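Notes for the one structure printed next.
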Amino acid sequence: MAHIGAAWADPPTSIGLTGLINMPSGSMPADGTWDFGFDRSTPYSVPYTTLQFLPDLQVSGRFTSIDGTQGLPFSSAYGSYKDKAAGFKLRVLRAGSLGLGWLPDVSIGMDDIQGNRLFRSEFIAATRTFRLGSFGTADATVGYGRHRIDGLYGGVRVHPAAFPAWALAAEYDRTDYSHDPQRAITGIDKRRTGVLNLGLEYHWGPLRFQVSRERAHTAFNVSLSIPLQKREFVPKIDEVGPFPGGAWGSTAPQPTLAEWRSDPSYREGLLADLDAEGLRNVRLAWRDGVMSLSVSGDRYRYPSRAIGRTARLALAYAPLETRKLEITWDVNGVAGMTWTFFDIATLRRYFAGTATRSELAQAVTLSYADPKGLTAASRANDLSATLDALALERVGNSENWSLGLARFEVETPSQSSFGIAPDVSVLLNDPSGFFKYDAGLRAFGHAHLARSLWLDGTVRASLLEDISDVTRPSNSLLPHVRSDLALYRKAARVKLDRLLLNQFWQPAKRFYVRGSAGIYEEMYAGAGTQALYLAPGGRWAFDVAVDALRQRNYKGSGFLNYSTVTTIGSIHYRLPWLEGTTATVRAGRFLAKDWGARLELKRTFRSGIEVGVWYTHTSGHDITSPGSPGHPYNDKGIFVRIPLAPLLTRDTGASSFASLSPWNRDVGQMVTSPADLYDMAEHGWMDNALDGDGLRGFGDIPGEDSP
């Protein structure tokens, strides 16, 4: 029997980590695999999520609900007994490594690693795949666990070649139920440790179904698998070329330099076509054989795709004497990155399909933008208000309307935007009810008042909610900087959540400054500043933010007595040995006037989906349960950023952000940033520019972006 690769990866088990039925295995799914699932095994109901965060690190989280039990003795509204748990599995040895083909995958792991640790386990497992001749393949697992997984376990999963969508699983289950919560009520303390479980599995595309027979009862497990390392989930069938009829090239003759200088219609035409492509705040000049442009916009996921559209159009209108093309990408009115094409002939050949991307990469340089300009052309601007007006008249439509995933937005040529989007807040694990929600609409505006000066506003309307039903007041001994959320939601259904002036500056190359004043968020208003320095090469970055804040009252019509000054310094490091991974350390004075540090670790996958975790330790002693005088609670949680472009048939730079913390606490809290400079630089240009050759999506060529 020869050792080969698995037919398809192990599905999540009842604890979320991948494996057999209840027992975890030593193998891992593909990097970036994100599973959402539900396991039902009497008396447990377990929704879970599992992410292959790194090629050899899997993390999981779940909620366990126990039938026939009461969650809290003083609250019938809470429902049955529930428990949160998180776990991980780390592969320490890959199959066939060290040149030894017989070696299995070997992983170590822990389940329920924090909090009450009611379902605690530690384990080590090894998995190897074998060929069963023409019948198919089998994945054999052997492992050893402590605590809830108690002792030696093992199992096998068989993949019949004749039925590739099906699999059979069998395991020797060493789950010890004798220490589970509420065991006397449910009777699970009488269950024997060490039984044989049998399972039948079926997978249909990203969906997996498993039904198993365990200890005289039937269990079910269903999961949905999302490949985060896939760049696009939906083909961009609505993307067309920037020239008439959706063409990717122009048939019109180029002007000479004399014609360019004497006839403004060429500049007018270029400006009109750039605006039609969703490119905003255009600056344009031609000097000494160099055409220089600066553009910005939210139309594209990758700035390099916008640069590619700009370059196509520029070459169609530029004087024949042009020998260099310089395009700078702006964000919030400040310059981020400059693409300089010093070999125009190779650029033309690439667009014509006669030059490769590797050849193009040799004809361009990427550099951090210089606010003073790299050339005489970049220090000039040949556009005027009159030319702008003529260009917009030529386009015939000065606003860009867009719809996507329930989001409606309109954008003006100056990049001011206004829109409406759904807004959902969730409060978990409150004693008055395990799941509390607030669903509504958010009307937002982003007005461009002058170069680098913006006015942001948001009004939120609550349509359906029960967070205001929370009646137990916070008993936190710290200033109530976050724990009075229910009082804010109860006070008003319509509220001005944000009204803020942001001014941006770029004093020097790789150095940015922001000043802000106004209503930051639902709970705070004030004024502040942030400064960011990007180290050469983009690996390191440093920023400091200082905000003088006053707490808004619950209706949002005035203020409470609480005020503070937060000072947070941050160091960001893009790990060179882990693709797309950034570590951030923030330290300083937090909202409750507690001093400490917050560690963040996040991974940006090829789809653009970003998943991260944080853990904060400060001088604030939060002893509210599960905290205690000997072990105060430390703030922790996860956050997710999802770009909308991979889900749509047309490109967009829009994204959604969500975070989840186990408890609504006051310790280690930060105010919502008016416009975080590192986030602006990272998502605005660095992620793209540091991705390979910095030309992803540049030519809009199918297959160009692989892998």
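Numbering starts fresh at 1 for the residues of each chain in the structure tokens, the chains themselves are lettered A, B, ... in the order given, and ligands are numbered from 1 as they appear.
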Practice task
Output as a ChimeraX atom specification all residues of segment 309-386 of chain A that backbone DSSP marks as alpha helix (DSSP H).
Solution key: /A:309-317,344-352,357-361,385-386
Find the residues around Glu326 of chain A up to 6 Å (only C-alpha atoms counted), leave out those fewer than 3 positions away in its own chain, and share them as a short mmCIF file (atom, residue, chain, number, x, y, z; two decimals) with N, CA, C and O atoms, in the first residue's frame.
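Saved the output as selection36.cif:
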```cif
data_model
loop_
_atom_site.label_atom_id
_atom_site.label_comp_id
_atom_site.auth_asym_id
_atom_site.auth_seq_id
_atom_site.Cartn_x
_atom_site.Cartn_y
_atom_site.Cartn_z
N SER A 292 2.67 62.54 -16.29
CA SER A 292 2.45 62.22 -14.88
C SER A 292 0.98 62.40 -14.54
O SER A 292 0.38 63.42 -14.88
N TRP A 339 3.77 54.22 -9.62
CA TRP A 339 4.20 53.26 -10.64
C TRP A 339 4.84 54.07 -11.77
O TRP A 339 4.16 54.91 -12.39
N THR A 340 6.11 53.85 -12.06
CA THR A 340 6.82 54.56 -13.12
C THR A 340 7.17 53.59 -14.24
O THR A 340 7.97 52.66 -14.04
#
```
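Nearest residue to Val290 of chain A among A:Glu259, A:Glu277, A:Asp343, A:Glu521 is A:Asp343, counting only C-alpha atoms.
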Subject >> strand (DSSP E) per DSSP on the backbone: members of segment 322-536 of chain A, as JSON, numbers by chain >> reply: {"A": [324, 325, 326, 327, 328, 329, 330, 331, 334, 335, 336, 337, 338, 339, 340, 341, 364, 365, 366, 367, 368, 400, 401, 402, 403, 404, 407, 408, 409, 410, 411, 417, 418, 419, 420, 421, 422, 423, 424, 425, 426, 427, 428, 429, 430, 433, 434, 435, 436, 437, 438, 439, 440, 441, 442, 443, 444, 445, 446, 447, 448, 449, 450, 453, 454, 455, 456, 457, 458, 459, 460, 461, 462, 463, 464, 465, 494, 495, 496, 497, 498, 499, 500, 501, 502, 503, 504, 505, 506, 507, 508, 511, 512, 513, 514, 515, 516, 517, 518, 519, 524, 525, 526, 527, 528, 529, 530, 531, 532, 533, 534]}
From atom CA of Gln52 of chain A to atom CA of Pro29 of chain A the spacing works out at 7.1 Å
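Distance check against Leu228 of chain A using only C-alpha atoms: of A:Gly653, A:Gly608, A:Pro632, A:Gly199, the minimum falls on A:Gly608.
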Practice problem: Identify which of the residues A:Lys555, A:Arg489, A:Arg348, A:Arg574 lies closest to Gly699 of chain A, counting only C-alpha atoms when measuring atom-to-atom distances. | Solution: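 Once distances to Gly699 of chain A are computed over only C-alpha atoms, the minimum belongs to A:Arg348.
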Exercise for review: Might you pull out every residue within 7 Å of Leu152 of chain A, with only C-alpha atoms counted and same-chain residues fewer than 6 positions away left off, and present them as a ChimeraX atom specification?
Suggested key: /A:143-145
Save the residues we just selected, C-alpha atoms, as an mmCIF file, in the first residue's frame?
```cif
data_model
loop_
_atom_site.group_PDB
_atom_site.id
_atom_site.type_symbol
_atom_site.label_atom_id
_atom_site.label_comp_id
_atom_site.auth_asym_id
_atom_site.auth_seq_id
_atom_site.Cartn_x
_atom_site.Cartn_y
_atom_site.Cartn_z
ATOM 1 C CA GLY A 143 -3.816 9.647 18.822
ATOM 2 C CA TYR A 144 -3.602 10.132 22.549
ATOM 3 C CA GLY A 145 -5.471 12.648 24.693
#
```
Can you tell me, as a VMD selection string, what residues are no more than 7 Å from Phe38 of chain A when counting only C-alpha atoms, ignoring any on the same chain fewer than 5 positions away? chain A and resid 46 to 48 221 to 223
Exercise for the section: Find the distance between atom CA of Lys84 of chain A and atom CA of Met110 of chain A and write it in Å to one decimal. Expected result: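 These two atoms are separated by 14.4 Å.
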Notebook entry, point to check: Hey, what's within 10 Å of Asp693 of chain A if we count only C-alpha atoms and toss same-chain stuff fewer than 2 positions away? As a list in words, please?
Noted result: Arg357, Ser358, Leu360, Ala361, Gln362, Val364, Thr365, Leu366, Asn688, Ala689, Leu690, Asp691, Leu695 and Arg696 of chain A
Grab the residues selected above and save them as an mmCIF file, in the first residue's frame with N, CA and C atoms.
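File result.cif, as written:
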```cif
data_model
loop_
_atom_site.group_PDB
_atom_site.id
_atom_site.type_symbol
_atom_site.label_atom_id
_atom_site.label_comp_id
_atom_site.auth_asym_id
_atom_site.auth_seq_id
_atom_site.Cartn_x
_atom_site.Cartn_y
_atom_site.Cartn_z
ATOM 1 N N ARG A 357 4.005 39.336 -18.576
ATOM 2 C CA ARG A 357 3.970 40.120 -17.338
ATOM 3 C C ARG A 357 5.362 40.244 -16.740
ATOM 4 N N SER A 358 6.171 39.224 -16.859
ATOM 5 C CA SER A 358 7.540 39.310 -16.330
ATOM 6 C C SER A 358 8.342 40.355 -17.096
ATOM 7 N N LEU A 360 6.983 43.032 -18.459
ATOM 8 C CA LEU A 360 6.460 44.305 -17.987
ATOM 9 C C LEU A 360 7.056 44.668 -16.636
ATOM 10 N N ALA A 361 7.207 43.661 -15.768
ATOM 11 C CA ALA A 361 7.763 43.921 -14.441
ATOM 12 C C ALA A 361 9.171 44.491 -14.516
ATOM 13 N N GLN A 362 9.887 44.195 -15.612
ATOM 14 C CA GLN A 362 11.236 44.735 -15.798
ATOM 15 C C GLN A 362 11.209 46.150 -16.361
ATOM 16 N N VAL A 364 9.004 48.588 -15.160
ATOM 17 C CA VAL A 364 8.318 49.477 -14.227
ATOM 18 C C VAL A 364 9.034 49.472 -12.888
ATOM 19 N N THR A 365 9.006 50.585 -12.215
ATOM 20 C CA THR A 365 9.496 50.660 -10.835
ATOM 21 C C THR A 365 8.360 51.153 -9.947
ATOM 22 N N LEU A 366 8.282 50.573 -8.757
ATOM 23 C CA LEU A 366 7.302 50.992 -7.751
ATOM 24 C C LEU A 366 8.049 51.683 -6.631
ATOM 25 N N ASN A 688 -1.234 45.757 -1.915
ATOM 26 C CA ASN A 688 -1.149 45.559 -3.353
ATOM 27 C C ASN A 688 0.281 45.698 -3.859
ATOM 28 N N ALA A 689 0.952 46.755 -3.459
ATOM 29 C CA ALA A 689 2.293 47.025 -3.972
ATOM 30 C C ALA A 689 3.306 45.976 -3.524
ATOM 31 N N LEU A 690 3.090 45.386 -2.347
ATOM 32 C CA LEU A 690 4.028 44.397 -1.823
ATOM 33 C C LEU A 690 3.653 42.972 -2.211
ATOM 34 N N ASP A 691 2.606 42.823 -3.012
ATOM 35 C CA ASP A 691 2.147 41.510 -3.462
ATOM 36 C C ASP A 691 2.854 41.146 -4.758
ATOM 37 N N LEU A 695 1.692 44.174 -9.675
ATOM 38 C CA LEU A 695 0.928 44.396 -10.908
ATOM 39 C C LEU A 695 -0.324 43.523 -10.976
ATOM 40 N N ARG A 696 -0.790 43.051 -9.851
ATOM 41 C CA ARG A 696 -1.959 42.168 -9.868
ATOM 42 C C ARG A 696 -3.168 42.888 -10.451
#
```
